[in-house]
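Colleague: If it helps, the file is called target39.cif and holds mmCIF, C-alpha atoms:
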data_my_file
#
loop_
_atom_site.label_atom_id
_atom_site.label_comp_id
_atom_site.auth_asym_id
_atom_site.auth_seq_id
_atom_site.Cartn_x
_atom_site.Cartn_y
_atom_site.Cartn_z
CA PRO S 1 -18.52 -47.80 -21.90
CA VAL S 2 -22.02 -46.29 -22.31
CA GLN S 3 -22.19 -45.38 -18.62
CA MET S 4 -18.73 -43.83 -18.88
CA THR S 5 -19.80 -41.83 -21.93
CA ILE S 6 -22.91 -40.41 -20.25
CA SER S 7 -20.86 -39.58 -17.15
CA TYR S 8 -18.34 -37.79 -19.37
CA MET S 9 -21.16 -35.66 -20.87
CA LEU S 10 -22.57 -34.89 -17.41
CA SER S 11 -19.14 -33.78 -16.18
CA SER S 12 -19.05 -31.26 -19.02
CA LEU S 13 -22.59 -30.00 -18.39
CA PHE S 14 -21.96 -29.51 -14.66
CA ASN S 15 -18.42 -28.10 -15.09
CA VAL S 16 -16.89 -30.88 -13.00
CA GLU S 17 -13.18 -30.11 -12.75
CA SER S 18 -11.74 -33.57 -12.04
CA GLN S 19 -12.56 -37.26 -12.15
CA PRO S 20 -12.57 -37.57 -8.32
CA ASP S 21 -15.13 -34.74 -8.26
CA LEU S 22 -17.20 -36.62 -10.85
CA VAL S 23 -17.18 -39.79 -8.72
CA SER S 24 -18.26 -37.75 -5.69
CA LEU S 25 -21.05 -36.08 -7.66
CA LEU S 26 -22.43 -39.43 -8.84
CA ASN S 27 -22.24 -40.86 -5.32
CA GLU S 28 -24.10 -37.89 -3.86
CA ASN S 29 -26.76 -37.40 -6.55
CA GLU S 30 -29.09 -40.33 -7.09
CA GLU S 31 -30.80 -38.80 -10.15
CA LEU S 32 -27.51 -38.23 -11.99
CA ARG S 33 -26.43 -41.73 -11.01
CA LYS S 34 -29.58 -43.16 -12.63
CA ILE S 35 -29.11 -41.04 -15.75
CA SER S 36 -25.54 -42.34 -16.07
CA GLY S 37 -26.79 -45.93 -15.85
CA PHE S 38 -24.93 -46.93 -12.68
CA LYS S 39 -27.48 -48.92 -10.66
CA ASN S 40 -25.60 -50.73 -7.90
CA TYR S 41 -22.22 -49.06 -7.60
CA ILE S 42 -20.01 -46.24 -8.88
CA PRO S 43 -16.61 -47.26 -10.32
CA VAL S 44 -13.53 -45.92 -8.60
CA GLN S 45 -11.73 -42.92 -10.11
CA SER S 46 -9.00 -45.05 -11.77
CA THR S 47 -11.67 -46.81 -13.85
CA PHE S 48 -12.80 -43.48 -15.26
CA SER S 49 -9.16 -42.57 -15.96
CA ARG S 50 -8.55 -45.76 -17.92
CA ALA S 51 -11.76 -45.30 -19.91
CA PHE S 52 -11.03 -41.69 -20.85
CA ASN S 53 -7.34 -42.27 -21.53
CA ASN S 54 -8.03 -45.17 -23.89
CA ASP S 55 -10.68 -43.19 -25.77
CA LEU S 56 -13.27 -45.88 -24.98
CA PHE S 57 -16.01 -43.25 -24.93
CA HIS S 58 -15.81 -42.27 -28.63
CA ASP S 59 -17.63 -45.24 -30.16
CA PRO S 60 -20.30 -45.45 -27.43
CA LEU S 61 -20.93 -41.70 -27.76
CA ASP S 62 -21.47 -42.10 -31.50
CA LEU S 63 -23.78 -45.03 -30.87
CA LEU S 64 -25.68 -43.22 -28.12
CA ILE S 65 -26.36 -40.05 -30.14
CA ASN S 66 -27.22 -41.91 -33.37
CA ASN S 67 -29.64 -44.25 -31.59
CA ILE S 68 -31.31 -41.35 -29.76
CA GLN S 69 -31.88 -39.61 -33.08
CA ARG S 70 -33.28 -42.73 -34.75
CA LEU S 71 -35.66 -43.13 -31.82
CA ILE S 72 -36.69 -39.47 -32.11
CA GLY S 73 -37.63 -39.95 -35.75
CA LEU S 74 -39.26 -43.35 -35.26
CA LYS S 75 -41.43 -42.30 -32.31
CA GLN S 76 -41.99 -38.71 -33.53
CA VAL S 77 -41.01 -37.56 -30.05
CA HIS S 78 -41.60 -33.86 -30.73
CA LYS S 79 -45.35 -34.39 -31.13
CA TYR S 80 -45.47 -35.16 -27.39
CA SER S 81 -42.92 -32.62 -26.19
CA ASP S 82 -43.61 -29.28 -24.52
CA ILE S 83 -41.46 -27.01 -26.71
CA ASN S 84 -40.85 -23.30 -26.21
CA PRO S 85 -43.30 -21.26 -28.37
CA THR S 86 -40.46 -19.27 -29.97
CA ILE S 87 -38.76 -22.50 -31.08
CA MET S 88 -42.07 -23.92 -32.30
CA ASN S 89 -42.67 -20.77 -34.33
CA ALA S 90 -39.34 -21.29 -36.11
CA ILE S 91 -40.15 -24.97 -36.72
CA SER S 92 -43.61 -24.11 -38.05
CA LYS S 93 -41.93 -21.93 -40.66
CA GLY S 94 -39.63 -24.73 -41.75
CA TYR S 95 -36.50 -24.09 -39.65
CA PHE S 96 -34.62 -26.52 -37.43
CA PRO S 97 -32.88 -24.47 -34.70
CA THR S 98 -29.74 -25.99 -33.21
CA SER S 99 -27.23 -24.35 -30.90
CA ILE S 100 -23.51 -25.14 -31.29
CA ASP S 101 -20.89 -24.41 -28.67
CA GLY S 102 -17.58 -25.72 -27.40
CA SER S 103 -16.39 -26.43 -23.88
CA LEU S 104 -12.91 -27.29 -22.60
CA ILE S 105 -12.69 -30.31 -20.28
CA SER S 106 -9.63 -30.20 -18.00
CA LEU S 107 -7.38 -33.25 -18.50
CA SER S 108 -3.87 -34.12 -17.41
CA GLU S 109 -1.25 -33.64 -20.13
CA LYS S 110 0.70 -36.58 -18.69
CA LYS S 111 -2.19 -39.06 -18.92
CA PHE S 112 -3.96 -37.93 -22.09
CA THR S 113 -2.09 -37.74 -25.38
CA TYR S 114 -4.64 -35.35 -26.93
CA SER S 115 -4.62 -32.97 -23.95
CA THR S 116 -3.22 -29.57 -24.95
CA ARG S 117 -3.54 -26.15 -23.37
CA GLY S 118 -6.64 -24.19 -24.29
CA TYR S 119 -8.76 -21.41 -22.86
CA SER S 120 -11.31 -22.43 -20.23
CA GLY S 121 -14.24 -20.04 -20.03
CA SER S 122 -15.27 -21.23 -16.56
CA LYS S 123 -11.74 -20.76 -15.17
CA LYS S 124 -10.96 -17.74 -17.35
CA LYS S 125 -7.45 -18.95 -18.09
CA SER S 126 -5.47 -21.41 -20.22
CA VAL S 127 -5.47 -24.99 -18.89
CA PRO S 128 -4.59 -28.42 -20.36
CA GLY S 129 -7.53 -30.41 -21.67
CA ALA S 130 -9.68 -31.47 -24.61
CA LYS S 131 -12.50 -29.63 -26.39
CA LEU S 132 -16.01 -31.02 -26.60
CA PHE S 133 -18.09 -29.36 -29.31
CA LEU S 134 -21.77 -30.16 -28.91
CA SER S 135 -24.79 -29.33 -31.02
CA ILE S 136 -28.10 -29.30 -29.13
CA GLU S 137 -31.66 -29.05 -30.38
CA PRO S 138 -32.97 -26.34 -27.99
CA GLY S 139 -36.61 -27.39 -28.15
CA THR S 140 -36.01 -30.59 -26.19
CA SER S 141 -32.22 -30.44 -25.50
CA PHE S 142 -31.64 -33.59 -27.55
CA PRO S 143 -28.05 -33.96 -28.86
CA VAL S 144 -27.71 -33.40 -32.62
CA ASN S 145 -23.99 -33.90 -33.22
CA TYR S 146 -20.62 -33.55 -31.54
CA ASP S 147 -16.87 -33.39 -32.09
CA ILE S 148 -13.95 -33.93 -29.72
CA SER S 149 -10.53 -32.42 -30.34
CA THR S 150 -7.44 -31.13 -28.58
CA GLY S 151 -7.67 -28.29 -26.10
CA LYS S 152 -5.97 -25.79 -28.39
CA THR S 153 -8.51 -26.30 -31.20
CA HIS S 154 -10.50 -23.13 -31.83
CA GLU S 155 -14.24 -23.63 -32.20
CA SER S 156 -14.25 -21.65 -35.44
CA SER S 157 -12.35 -24.45 -37.21
CA VAL S 158 -14.91 -27.07 -36.17
CA VAL S 159 -18.26 -25.41 -36.85
CA ASP S 160 -18.28 -25.62 -40.68
CA PRO S 161 -17.77 -29.40 -41.04
CA LEU S 162 -20.11 -29.92 -38.07
CA ALA S 163 -22.84 -27.81 -39.70
CA LYS S 164 -22.41 -29.68 -43.00
CA GLU S 165 -22.70 -33.06 -41.28
CA ILE S 166 -25.81 -31.96 -39.38
CA LYS S 167 -27.46 -30.82 -42.62
CA GLU S 168 -26.54 -33.92 -44.62
CA LYS S 169 -26.79 -36.62 -41.95
CA ASN S 170 -28.58 -35.66 -38.72
CA LEU S 171 -31.40 -33.46 -39.95
CA LYS S 172 -33.42 -36.30 -41.52
CA ASN S 173 -34.23 -37.90 -38.15
CA PHE S 174 -35.68 -34.66 -36.82
CA GLU S 175 -37.64 -34.15 -40.06
CA LYS S 176 -39.26 -37.53 -39.38
CA SER S 177 -40.12 -36.46 -35.86
CA PHE S 178 -41.77 -33.21 -36.99
CA ASP S 179 -43.11 -34.85 -40.17
CA LYS S 180 -41.95 -31.97 -42.38
CA ASP S 181 -38.96 -30.70 -44.36
CA LEU S 182 -36.67 -28.50 -42.29
CA LYS S 183 -33.90 -26.02 -43.02
CA LEU S 184 -30.92 -25.88 -40.66
CA LEU S 185 -30.86 -22.79 -38.42
CA ILE S 186 -27.65 -22.38 -36.38
CA LEU S 187 -27.77 -20.44 -33.11
CA SER S 188 -24.30 -19.53 -31.87
CA ASP S 189 -22.18 -17.04 -29.97
CA LYS S 190 -19.58 -14.65 -31.38
CA GLY S 191 -16.91 -17.37 -31.43
CA PHE S 192 -18.13 -18.37 -34.90
CA TYR S 193 -18.37 -14.80 -36.20
CA LYS S 194 -16.83 -14.51 -39.68
CA GLN S 195 -18.22 -12.66 -42.70
CA LYS S 196 -16.91 -15.23 -45.20
CA ARG S 197 -18.64 -17.95 -43.19
CA PHE S 198 -21.98 -16.12 -43.37
CA ILE S 199 -21.71 -15.86 -47.16
CA GLN S 200 -20.78 -19.54 -47.41
CA TRP S 201 -23.67 -20.62 -45.17
CA ASN S 202 -26.10 -18.50 -47.14
CA GLU S 203 -24.95 -20.11 -50.40
CA GLU S 204 -25.29 -23.56 -48.80
CA GLN S 205 -28.82 -22.70 -47.60
CA ILE S 206 -27.83 -22.79 -43.95
CA SER S 207 -29.55 -20.16 -41.82
CA PHE S 208 -28.00 -18.60 -38.73
CA ILE S 209 -28.61 -16.17 -35.87
CA ILE S 210 -25.60 -14.73 -34.03
CA PRO S 211 -24.94 -11.68 -31.82
CA LEU S 212 -23.64 -8.76 -33.86
CA LYS S 213 -20.00 -7.84 -33.28
CA ARG S 214 -19.14 -4.24 -32.55
CA ASN S 215 -17.99 -2.24 -35.60
CA SER S 216 -19.17 -4.92 -38.05
CA PHE S 217 -19.46 -3.70 -41.67
CA LYS S 218 -17.77 -0.42 -40.70
CA LYS S 219 -15.91 -0.16 -44.03
CA LEU S 220 -19.01 -1.05 -46.01
CA TYR S 221 -21.37 1.26 -44.10
CA PRO S 222 -19.36 4.00 -42.29
CA ASN S 223 -22.45 5.49 -40.62
CA LEU S 224 -23.97 2.16 -39.56
CA ARG S 225 -22.86 2.33 -35.93
CA ASP S 226 -24.48 5.75 -35.46
CA GLU S 227 -27.69 4.45 -37.04
CA LEU S 228 -27.74 1.38 -34.80
CA ASN S 229 -27.40 3.47 -31.65
CA SER S 230 -29.96 6.14 -32.58
CA GLY S 231 -33.62 5.75 -31.74
CA ASN S 232 -35.43 3.71 -29.10
CA GLU S 233 -37.59 1.36 -31.15
CA ASN S 234 -37.13 -2.19 -32.44
CA LYS S 235 -35.71 -1.97 -35.93
CA ASP S 236 -34.14 -3.98 -38.79
CA TRP S 237 -31.35 -3.08 -41.22
CA ARG S 238 -30.54 -4.79 -44.50
CA ILE S 239 -26.84 -5.39 -45.28
CA ASP S 240 -25.98 -6.06 -48.93
CA ILE S 241 -22.65 -7.86 -49.37
CA PRO S 242 -20.71 -6.70 -52.48
CA ASN S 243 -20.05 -9.27 -55.21
CA SER S 244 -22.47 -11.67 -53.57
CA THR S 245 -26.17 -12.52 -53.59
CA THR S 246 -26.09 -12.59 -49.78
CA ASN S 247 -28.32 -10.12 -47.95
CA LEU S 248 -27.95 -10.04 -44.18
CA ARG S 249 -30.29 -8.62 -41.57
CA ILE S 250 -29.39 -6.75 -38.40
CA ILE S 251 -32.07 -6.82 -35.71
CA ARG S 252 -32.17 -4.35 -32.84
CA GLY S 253 -34.18 -4.99 -29.70
CA PHE S 254 -34.28 -3.83 -26.10
CA THR S 255 -34.13 -5.52 -22.72
CA GLY S 256 -33.39 -4.73 -19.07
CA ARG S 257 -35.10 -2.26 -16.77
CA ASN S 258 -37.44 0.01 -18.73
CA ASN S 259 -36.14 -1.65 -21.94
CA LYS S 260 -33.14 0.68 -22.11
CA LYS S 261 -30.44 -1.87 -22.90
CA LYS S 262 -29.94 -2.48 -26.64
CA TRP S 263 -29.10 -5.84 -28.17
CA PHE S 264 -28.23 -6.64 -31.78
CA LEU S 265 -28.42 -9.85 -33.79
CA LEU S 266 -27.10 -10.70 -37.26
CA THR S 267 -28.97 -13.24 -39.39
CA ASN S 268 -29.90 -14.28 -42.92
CA VAL S 269 -33.44 -15.13 -41.80
CA TRP S 270 -36.15 -12.70 -42.90
CA ASP S 271 -39.42 -14.42 -41.98
CA LEU S 272 -38.93 -14.71 -38.21
CA SER S 273 -39.47 -11.86 -35.75
#
Could you write out this file's structure as structure tokens?
Modeller:
Amino acid sequence: PVQMTISYMLSSLFNVESQPDLVSLLNENEELRKISGFKNYIPVQSTFSRAFNNDLFHDPLDLLINNIQRLIGLKQVHKYSDINPTIMNAISKGYFPTSIDGSLISLSEKKFTYSTRGYSGSKKKSVPGAKLFLSIEPGTSFPVNYDISTGKTHESSVVDPLAKEIKEKNLKNFEKSFDKDLKLLILSDKGFYKQKRFIQWNEEQISFIIPLKRNSFKKLYPNLRDELNSGNENKDWRIDIPNSTTNLRIIRGFTGRNNKKKWFLLTNVWDLS
């Protein structure tokens, strides 16, 4: 079951469209075969089908991620890891950055009871399958937490309980590894964008960084869009939410040729630049 679980995760990471394609990939790639734990042979495709259809991967996946995290804390793995300076800067200031995203894995509706139609970003259309929501610690790409649901499940309905579980359960193992108290910092795309969620996270002492949606806070600040698009320097704006103690920060930066392309982020973090 453990080998099947790792293979299942690899199929998601490499956007493998079918179980026969997964078997072919493992046969052709020795490194991936070793990572999966298959030493002498690769099971036939029907073996993978039976494993996935009977949900045999759920318990091993829990065991795998939990044991990895215990090992991280016990061995203080991050002291020996080459971590991106930007991530290390956040950690040095007491933040634990983790990215959360969902991916749809194509599965037959006839063989899998939990397979329902959902949008596949890689195929850019609706296909039957299941959703894998994965939280990754970007410094070392270690898994933090996960959730599996039907294909029609929207990622926005999963992120709040996942964030709560990370804060209450998973964070302690990474605090042991870094030997310091850490505050959860969620890095996500616009799929989780919701003003009520930002207020809730702020009240729960969960930090976040997310791309700013167009026309955000238009009713609250009618001239904000004009302000954001004027000027050619890096700049911050403070957004005060009515009837709340939440203060949000909009960050503007530039990228591309000659730094002409603007980008905007929304966050409740004030001590990172």
Colleague: Specify as a ChimeraX atom specification each residue included when the PyMOL selection byres ((chain S and resi 210) around 10) is applied to this file.
Modeller: /S:186-193,208-209,211-213,250,264-268
Colleague: Do you know which residues the PyMOL selection byres ((chain S and resi 87) around 10) returns on this file, as a ChimeraX atom specification?
Modeller: /S:83-86,88-92,95-98,137-140
Colleague: Interatomic distance between atom CA of S:Ala130 and atom CA of S:Val158?
Modeller: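 Computed distance, atom CA of S:Ala130 to atom CA of S:Val158, equals 13.4 Å.
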Colleague: How many Å separate atom CA of S:Asn27 from atom CA of S:Leu107?
Modeller: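 These two atoms are separated by 21.3 Å.
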Colleague: Within 10 Å of S:Gly102, counting only C-alpha atoms, which residues qualify if same-chain residues fewer than 6 places away don't, as a tab-separated table (two decimals) with C-alpha atoms, in the coordinates of the input?
Modeller:
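Final output, out.tsv:
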chain	number	residue	atom	x	y	z
S	121	GLY	CA	-14.24	-20.04	-20.03
S	131	LYS	CA	-12.50	-29.63	-26.39
S	132	LEU	CA	-16.01	-31.02	-26.60
S	133	PHE	CA	-18.09	-29.36	-29.31
S	134	LEU	CA	-21.77	-30.16	-28.91
S	135	SER	CA	-24.79	-29.33	-31.02
S	146	TYR	CA	-20.62	-33.55	-31.54
S	147	ASP	CA	-16.87	-33.39	-32.09
S	148	ILE	CA	-13.95	-33.93	-29.72
S	153	THR	CA	-8.51	-26.30	-31.20
S	154	HIS	CA	-10.50	-23.13	-31.83
S	155	GLU	CA	-14.24	-23.63	-32.20
S	156	SER	CA	-14.25	-21.65	-35.44
S	158	VAL	CA	-14.91	-27.07	-36.17
S	159	VAL	CA	-18.26	-25.41	-36.85
S	191	GLY	CA	-16.91	-17.37	-31.43
